[in-house]
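Contents: one structure, followed by commentary.
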There are 2 protein chains.
Amino acid sequence: MSRADLSDMTCTVARTLEIFGDTWSQMIVREMFLGSRRFDDLQQLTGVSPHTLSKRLKRLEAAEIIRRHAYSDRPPRYEYKLTERGRDLWPAIIALKAWGDKWLDGPATAPITLTHKACGQVTEPYLVCSACGEPIDALGSHATLSPDMQRERAARRRQNTGT
Amino acid sequence: MSRADLSDMTCTVARTLEIFGDTWSQMIVREMFLGSRRFDDLQQLTGVSPHTLSKRLKRLEAAEIIRRHAYSDRPPRYEYKLTERGRDLWPAIIALKAWGDKWLDGPATAPITLTHKACGQVTEPYLVCSACGEPIDALGSHATLSPDMQRERAARRRQNTGT
């Protein structure tokens with residue numbers, strides 16, 4: 001968990017991390033992409049403690065990443081499903097998977113294989129440029145900061161150096 | 001930070017999260033993609049405490065995501081640079097940015113604009129299928145678990161239910 005609050009920062013990466021950037025939130029969302037919906041499944045299959053799971057589910061629900069619905073009235077029992085916002089986190093999980101498959105396991109078969117439903121083929125999704133459609137990576141791109149973000153960063157430097 | 005150790009899990013998402021899945025590691029790597037290399041810059045521009053920054057830099061270095069090199073001998077001063085492994089985490093940061101730009105800011109201009117050097121255009125990278133080249137998302141894909149991962153998950157369920 002972060003100690004400083006990132007939710008006031010201009011950067012959308014920072015604000016997304018404040019909502020979703022801790023290890024367990026990402027593990028829980030990964031598990032939901034694998035189809036788990038119930039508290040016990042999420043708890044057992046990720047290894048998170050029930051207390052932490054409960055807290056993370058509340059936060060993910062408040063952020064509208066998941067929604068809760070009752071599947072039993074007596075006793076009251078709930079399932080959790082990813083919303084559209086939540087399903088949109090798929091590229092973040094896929095990026096972690098791609099990195100782990102490449103750098104942690106070497107040439108062994110990945111523990112999770114993805115199939116693209118539309119074409120029926122096994123797939124290892126990768127990023128392309130939205131303008132030209134060619135593959136894009138860190139060295140092939142350049143970041144430009146908005147005036148607001150530049151001002152914020154200048155203020156952070158002044159605040160720390162006391163000038 | 002995670003309490004349970006995810007590094008023994010078969011899933012490469014889980015093991016990647018154990019290395020890189022906490023909020024500050026991701027903020028530090030995001031800041032390095034923006035060009036910051038020195039301890040003070042990383043500290044001021046992310047807002048992490050010096051103590052936590054120091055611990056995270058050590059872990060990222062041990063994971064070969066960053067490397068440290070001296071830029072001054074007296075006094076000894078170090079810079080940190082992303083390695084190839086580290087630069088390969090770019091899609092994970094870009095996924096967080098894309099999510100935040102879409103869901104946290106609405107139609108406002110993103111605080112960070114990316115340009116694709118090869119084509120010179122502003123870009124919002126997205127994932128495509130490696131087999132057919134078409135866009136791919138959570139609902140358009142299907143995950144198949146390896147036999148090892150299926151066994152591990154069955155064991156986790158048995159362990160927890162005591163059967």
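Letters for chains follow the order of the structure tokens (A, B, ...), residue numbers begin at 1 for each chain, and ligand numbers begin at 1 in the order shown.
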List the spatial neighbours of range 101-112 of chain A as a PDB file with N, CA and C atoms, in the first residue's frame - criterion: any atom at most 6 Å away, only C-alpha atoms, same-chain residues fewer than 5 positions off excluded.
```pdb
ATOM      1  N   CYS B  11       1.622 -19.110 -11.625  1.00  0.00           N
ATOM      2  CA  CYS B  11       1.158 -17.996 -12.468  1.00  0.00           C
ATOM      3  C   CYS B  11       2.226 -16.911 -12.590  1.00  0.00           C
ATOM      4  N   THR B  12       2.538 -16.547 -13.812  1.00  0.00           N
ATOM      5  CA  THR B  12       3.566 -15.518 -14.011  1.00  0.00           C
ATOM      6  C   THR B  12       3.061 -14.119 -13.670  1.00  0.00           C
ATOM      7  N   THR B 144      -6.530 -20.456 -21.076  1.00  0.00           N
ATOM      8  CA  THR B 144      -6.395 -21.890 -20.810  1.00  0.00           C
ATOM      9  C   THR B 144      -5.231 -22.085 -19.840  1.00  0.00           C
ATOM     10  N   LEU B 145      -5.506 -22.817 -18.757  1.00  0.00           N
ATOM     11  CA  LEU B 145      -4.467 -23.002 -17.729  1.00  0.00           C
ATOM     12  C   LEU B 145      -3.660 -24.262 -18.017  1.00  0.00           C
ATOM     13  N   SER B 146      -2.361 -24.181 -17.778  1.00  0.00           N
ATOM     14  CA  SER B 146      -1.489 -25.342 -17.956  1.00  0.00           C
ATOM     15  C   SER B 146      -1.854 -26.413 -16.928  1.00  0.00           C
TER      16      SER B 146
END
```
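All residues of protein, DNA or RNA that reach within 10 Å of Trp90 in chain B, judged by only C-alpha atoms and not counting those fewer than 6 positions away in the chain, are A:Ala95, A:Trp99, A:Leu127, A:Ile136, A:Asp137, A:Ala138, A:Leu139, B:Val29, B:Arg30, B:Phe33.
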Residues of chain B were defined as contacting chain A if any atom lay at most 6 Å from it, counting only C-alpha atoms; please report them as a VMD selection string. chain B and resid 1 to 2 11 to 13 16 to 17 21 to 23 90 to 92 95 to 97 100 to 101 111 to 117 123 to 131 138 140 to 146
Resulting file, chosen residues, C-alpha atoms, as a compact mmCIF listing (two decimals), in the first residue's frame:
```txt
# COMPACT_ATOMS: atom_id res chain seq x y z
CA MET B 1 2.84 -4.85 -0.16
CA SER B 2 1.75 -8.43 -0.20
CA CYS B 11 1.16 -18.00 -12.47
CA THR B 12 3.57 -15.52 -14.01
CA VAL B 13 1.21 -12.63 -13.19
CA THR B 16 5.59 -10.52 -11.52
CA LEU B 17 3.38 -8.85 -8.90
CA GLY B 21 3.24 -5.20 -7.95
CA ASP B 22 3.37 -2.67 -5.15
CA THR B 23 2.33 0.93 -5.68
CA TRP B 90 6.48 -0.11 -20.36
CA PRO B 91 3.25 -1.83 -21.51
CA ALA B 92 2.25 -2.29 -17.85
CA ALA B 95 -2.00 0.18 -19.57
CA LEU B 96 -2.43 2.07 -16.28
CA LYS B 97 -2.14 5.39 -18.10
CA GLY B 100 -6.68 6.43 -16.01
CA ASP B 101 -6.96 8.67 -19.07
CA PRO B 111 -1.60 14.84 -18.64
CA ILE B 112 0.98 12.83 -20.59
CA THR B 113 0.82 12.66 -24.38
CA LEU B 114 2.79 9.97 -26.18
CA THR B 115 4.36 10.37 -29.59
CA HIS B 116 5.46 7.39 -31.68
CA LYS B 117 8.96 8.27 -32.87
CA THR B 123 -0.41 7.76 -30.14
CA GLU B 124 -2.60 5.91 -27.68
CA PRO B 125 -1.16 2.39 -27.89
CA TYR B 126 -3.56 -0.54 -27.72
CA LEU B 127 -3.27 -4.31 -27.67
CA VAL B 128 -3.62 -6.45 -30.77
CA CYS B 129 -3.68 -10.20 -31.25
CA SER B 130 -0.27 -11.56 -32.26
CA ALA B 131 -1.91 -14.06 -34.62
CA ALA B 138 -10.92 -9.28 -22.10
CA GLY B 140 -12.58 -11.32 -26.88
CA SER B 141 -10.09 -13.72 -25.33
CA HIS B 142 -10.12 -17.03 -23.51
CA ALA B 143 -7.56 -18.28 -20.96
CA THR B 144 -6.39 -21.89 -20.81
CA LEU B 145 -4.47 -23.00 -17.73
CA SER B 146 -1.49 -25.34 -17.96
```
Quick one: distance from CA of Arg37 in chain B to CA of Ser54 in chain B in Å, one decimal?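 Separation of CA of Arg37 in chain B and CA of Ser54 in chain B: 13.3 Å.
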Per-residue DSSP, range 19-136 of chain B, filtered to strand (DSSP E or B), as a PDB file with C-alpha atoms, in the first residue's frame:
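Result file is part.pdb:
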```
ATOM      1  CA  ARG B  38      18.694  10.215  -9.468  1.00  0.00           C
ATOM      2  CA  ILE B  66      17.160  -1.291 -12.944  1.00  0.00           C
ATOM      3  CA  ARG B  67      20.907  -0.985 -12.635  1.00  0.00           C
ATOM      4  CA  ARG B  68      22.895   1.441 -10.566  1.00  0.00           C
ATOM      5  CA  HIS B  69      26.006   3.210 -11.736  1.00  0.00           C
ATOM      6  CA  ALA B  70      28.210   5.816 -10.105  1.00  0.00           C
ATOM      7  CA  TYR B  71      28.222   9.276 -11.640  1.00  0.00           C
ATOM      8  CA  SER B  72      30.503  10.720  -8.952  1.00  0.00           C
ATOM      9  CA  ARG B  77      26.689   9.288  -6.054  1.00  0.00           C
ATOM     10  CA  TYR B  78      24.585   6.925  -8.078  1.00  0.00           C
ATOM     11  CA  GLU B  79      22.160   7.006 -10.944  1.00  0.00           C
ATOM     12  CA  TYR B  80      19.579   4.362 -11.720  1.00  0.00           C
ATOM     13  CA  LYS B  81      18.652   3.282 -15.218  1.00  0.00           C
ATOM     14  CA  LEU B  82      16.092   0.857 -16.520  1.00  0.00           C
ATOM     15  CA  ILE B 112       0.985  12.829 -20.588  1.00  0.00           C
ATOM     16  CA  THR B 113       0.821  12.662 -24.377  1.00  0.00           C
ATOM     17  CA  LEU B 114       2.792   9.969 -26.180  1.00  0.00           C
ATOM     18  CA  THR B 115       4.358  10.366 -29.587  1.00  0.00           C
ATOM     19  CA  HIS B 116       5.458   7.386 -31.676  1.00  0.00           C
ATOM     20  CA  VAL B 122       0.483  11.275 -31.223  1.00  0.00           C
ATOM     21  CA  THR B 123      -0.407   7.764 -30.137  1.00  0.00           C
ATOM     22  CA  TYR B 126      -3.562  -0.539 -27.720  1.00  0.00           C
ATOM     23  CA  LEU B 127      -3.268  -4.315 -27.668  1.00  0.00           C
ATOM     24  CA  VAL B 128      -3.624  -6.449 -30.767  1.00  0.00           C
ATOM     25  CA  PRO B 135      -7.580  -5.465 -31.450  1.00  0.00           C
TER      26      PRO B 135
END
```
Give me, please, the distance in Å between CA of Glu61 in chain A and CA of Ser7 in chain B, quoted to one decimal.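 These two atoms are separated by 27.4 Å.
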What is the distance between CA of Leu53 in chain B and CA of Ser36 in chain B, in Å to one decimal? 13.3 Å
Run DSSP on the backbone and grab whatever in range 84-154 of chain A lands in helix (DSSP H, G or I); send it over as a count of residues only. 26
